[in-house]
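Participant: There's a structure below that I have some questions on.
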Amino acid sequence: MLDYICPKCKKKVSVEEGNRLPSVFCRNCMRSRQLIMLRMIRPHIPKSDTIKV
């Protein structure tokens with residue numbers, strides 16, 4: 001599951017992996033004639049789980 005959030009109105013959009021995001025712009029903000037791009041929420045990975053080379 002991939003999560004996206006609008007930085008302005010804080011609306012969340014969830015999309016299953018393998019499916020495409022319908023629009024990269026927030027539909028809630030588009031109604032007020034603003035083009036605000038959604039940002040992906042990445043899961044936090046602890047430093048102990050990272051691979052050191």
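Within each chain, counting starts at residue 1; across the structure tokens, chains are named A, B, ... in the order shown, with ligands numbered 1 upward in that order.
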As a PyMOL selection string, please: every residue in chain A that DSSP puts in alpha helix (DSSP H).

Facilitator: chain A and resi 27-30

Participant: I'd like to know which residues of chain A are strand (DSSP E or B) (by DSSP, run on the backbone); could you write them as number ranges by chain?

Facilitator: A: 2-5, 12-15, 25, 37, 39-41

Participant: Limited to N, CA, C and O atoms, could you put the picked residues into a file as a tab-separated table (two decimals), in the first residue's frame?

Facilitator:
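As written to disk, again-v8.tsv reads:
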```
chain	number	residue	atom	x	y	z
A	2	LEU	N	0.65	2.13	-0.92
A	2	LEU	CA	1.38	3.38	-1.00
A	2	LEU	C	0.47	4.51	-0.54
A	2	LEU	O	-0.70	4.56	-0.93
A	3	ASP	N	0.99	5.38	0.29
A	3	ASP	CA	0.21	6.49	0.81
A	3	ASP	C	0.77	7.81	0.29
A	3	ASP	O	1.99	8.00	0.22
A	4	TYR	N	-0.14	8.70	-0.07
A	4	TYR	CA	0.22	10.04	-0.53
A	4	TYR	C	-0.55	11.04	0.31
A	4	TYR	O	-1.63	10.75	0.80
A	5	ILE	N	0.01	12.26	0.47
A	5	ILE	CA	-0.64	13.31	1.25
A	5	ILE	C	-0.47	14.64	0.54
A	5	ILE	O	0.54	14.88	-0.12
A	12	LYS	N	-5.30	12.57	2.65
A	12	LYS	CA	-4.52	11.37	2.38
A	12	LYS	C	-5.16	10.56	1.26
A	12	LYS	O	-6.38	10.46	1.16
A	13	VAL	N	-4.32	9.96	0.41
A	13	VAL	CA	-4.76	9.09	-0.66
A	13	VAL	C	-3.94	7.81	-0.56
A	13	VAL	O	-2.71	7.85	-0.46
A	14	SER	N	-4.61	6.66	-0.56
A	14	SER	CA	-3.94	5.36	-0.49
A	14	SER	C	-4.18	4.61	-1.79
A	14	SER	O	-5.29	4.59	-2.31
A	15	VAL	N	-3.10	3.99	-2.31
A	15	VAL	CA	-3.17	3.23	-3.56
A	15	VAL	C	-2.48	1.90	-3.33
A	15	VAL	O	-1.41	1.85	-2.72
A	25	PHE	N	-2.06	15.38	-8.74
A	25	PHE	CA	-2.53	16.60	-8.10
A	25	PHE	C	-3.67	16.29	-7.15
A	25	PHE	O	-4.47	15.38	-7.39
A	37	MET	N	0.76	19.32	-5.81
A	37	MET	CA	1.15	17.93	-6.05
A	37	MET	C	1.13	17.13	-4.76
A	37	MET	O	1.53	17.61	-3.71
A	39	ARG	N	2.40	14.25	-2.21
A	39	ARG	CA	3.72	13.76	-1.82
A	39	ARG	C	3.57	12.37	-1.24
A	39	ARG	O	2.65	12.09	-0.48
A	40	MET	N	4.53	11.50	-1.58
A	40	MET	CA	4.50	10.13	-1.08
A	40	MET	C	4.96	10.10	0.37
A	40	MET	O	5.94	10.75	0.73
A	41	ILE	N	4.23	9.34	1.18
A	41	ILE	CA	4.64	9.11	2.57
A	41	ILE	C	5.45	7.82	2.57
A	41	ILE	O	4.93	6.75	2.25
```

Participant: Between atom CA of A:Pro22 and atom CA of A:Leu35, what is the spacing in Å?

Facilitator: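 Atom CA of A:Leu35 sits 14.6 Å away from atom CA of A:Pro22.
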
Participant: Any idea what the distance is between atom CA of A:Arg31 and atom CA of A:Lys10?

Facilitator: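 A separation of 14.9 Å between them.
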
Participant: List the spatial neighbours of A:Cys26 as a list in words - criterion: any atom at most 6 Å away, only C-alpha atoms, same-chain residues fewer than 3 positions off excluded.

Facilitator: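 With the cut-off at 6 Å, the set is Cys29, Ile36 and Leu38 of chain A.
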
Participant: In Å to one decimal, how far is atom CA of A:Pro7 from atom CA of A:Val24?

Facilitator: 12.5 Å
